[in-house]
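Read the structure below first, then the notes.
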Amino acid sequence: MSTTSLLVSCGSIAAAGVMAYWRQLGAPRLRPMTAEQFAAQAPPELRTAVFVIEDRAQTNLMFGALGLGANDDGFPRVDAYYYVDHGLSVDVQMLGGQSINDWTNEATLDAMSHYLGVEQVTARSPEPGFIRLEVRVFDTLAASAALPSSVPNDVDLRAVPVGITETGEIATIPILGTHGLCVGATGSGKGSVAYSILAALGPLIRDGLVDVYCIDPKGGIEFGPAKDLFVKFAYQTAEDILVVLKEAIAVMRQRQAKLLAAGLRKHTPTKDEPLILILLDEAAALASYADREVRTAFEELNGLLLTQARATAVSMFAFVQDPSKENMPQRQLYPVRIGLRLTEPTQVAMVFGAGARERGAHCDKISDTTPGVGYIEQDGSTALTRVRFYWVDDNDIAAMVRAYAPRHEIVIPADDFDDFDPSTFDPDDLGDEGPVAA
Ligand SMILES: Nc1ncnc2c1ncn2[C@@H]1O[C@H](COP(=O)(O)OP(=O)(O)OP(=O)(O)O)[C@@H](O)[C@H]1O
């Protein structure tokens, strides 16, 4: 359902089941309705919230109780509220002297959600002086998102579709000219992030415009089923992993030299020189079987790629469980960051930076019943998009490999079958060496 809101004119309200209307408080009404009447027409989950928000005296009481207003200082003003897919969006004009932290403070929002009788309230500032409260009673991402049945052949590498947003749009991430980091606890759905990317890139992998180098230090368990989609696949020894990184760096160096000679700043992928996507799963696992020297070499190679490879169309997407500094020393080198379910609130800042929880990234509150739900952030924007990545099951992976594995070999029989007549074919003629049923 779209979040597009329709103006409610003169107090008439769309049916409560169709939650897409907008209410400008203070607008003149021909036949005024009471807060009780508005609340009665709201979905049951939102009745208390609508009753409080619709009635200025009630709203002031709430703001007073939460320390956000007082008789002497005045009260914040609710300008408008909207029915949206997840509940309500409420626009509030802050009081002079208030800061965003006064509103995004976890204890305040928790108290507000209890006051309004709803599951959760989050807040962000759409423009200076204003706060938008999101009153959440429905999780639009509760159901898993199926992989689209068809994938366009001309995927835009700067906007690769990987899931759906909580407002029902297609969630995209750039792959070209960037690096990505995906962090999530065990079982949070990191695999589905990687496979959503692979599914979208399938046609380009088949056509030779994208080469995937996959590094799966946990013995190839996660990515083994898709190995035929990869140009390189390192999963056994730490040395194999270093070789793959060195090969990517060699490509990066060659392209850097060409760019310099041609006076260009960025490499555009072609069939001869495709985008190289390095999928790096759980690099921290290396620590369990690699010695110190290998780990140091790994960190150096990884650092080189993260700092220099973007312009050469060599991109790294890394997946980790634990975002602590020892496991992930270079968070700021990944312009695309994805946070799935995390176990601790403090881990949110390790993925997205300070203040991310206040901006709405509540990764620690994602339920373990919704794997694949997370937040996406990209450099250059403070927006955090809540999404559900596509669920790619084993059948989907097998279908992807069948459709897109780049090295399909068509075996042409050596014998001359020009005289072959299917109507006279007798399988017994194949003799003892014919195929045997398993
Ligand atoms: N996007 C998704 N939608 C629905 N279910 C999902 C999704 N992603 C994962 N799942 C379910 O959650 C399970 C765990 O997912 P996954 O293996 O991707 O987690 P993970 O983060 O990679 O865990 P680990 O770090 O332990 O490997 C899957 O087997 C699947 O049942």
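Chain labels run A, B, ... following the order of the structure tokens; each chain numbers its residues from 1, and ligands are numbered from 1 in the order shown.
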Mind listing the residues within 9 Å of ligand 1, only C-alpha atoms and all ligand atoms counted, as a PyMOL selection string? chain A and resi 143-146+163+183-196+221-222+281-282+319-321+340-341+368-373+388-393
Check the DSSP output for the backbone and give back, as a PyMOL selection string, the residues of segment 40-182 of chain A in helix (DSSP H, G or I). chain A and resi 40-41+44-54+56-65+100-104+106-116
Check the smallest atom-to-atom distance from each of A:Glu134, A:Asp156, A:Glu300, A:Asp102 to Asp85 of chain A using only C-alpha atoms, then report the winner.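 The answer is A:Glu134, which sits nearest to Asp85 of chain A.
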My list of candidates is A:Leu88, A:Leu242, A:Val336, A:Ala383. Which is closest to Arg357 of chain A when distances are computed with only C-alpha atoms?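 Looking only at the distances to Arg357 of chain A, the closest residue turns out to be A:Ala383.
Taking atom CA of Val155 of chain A and atom CA of Leu277 of chain A as endpoints, the distance between them is 14.7 Å.
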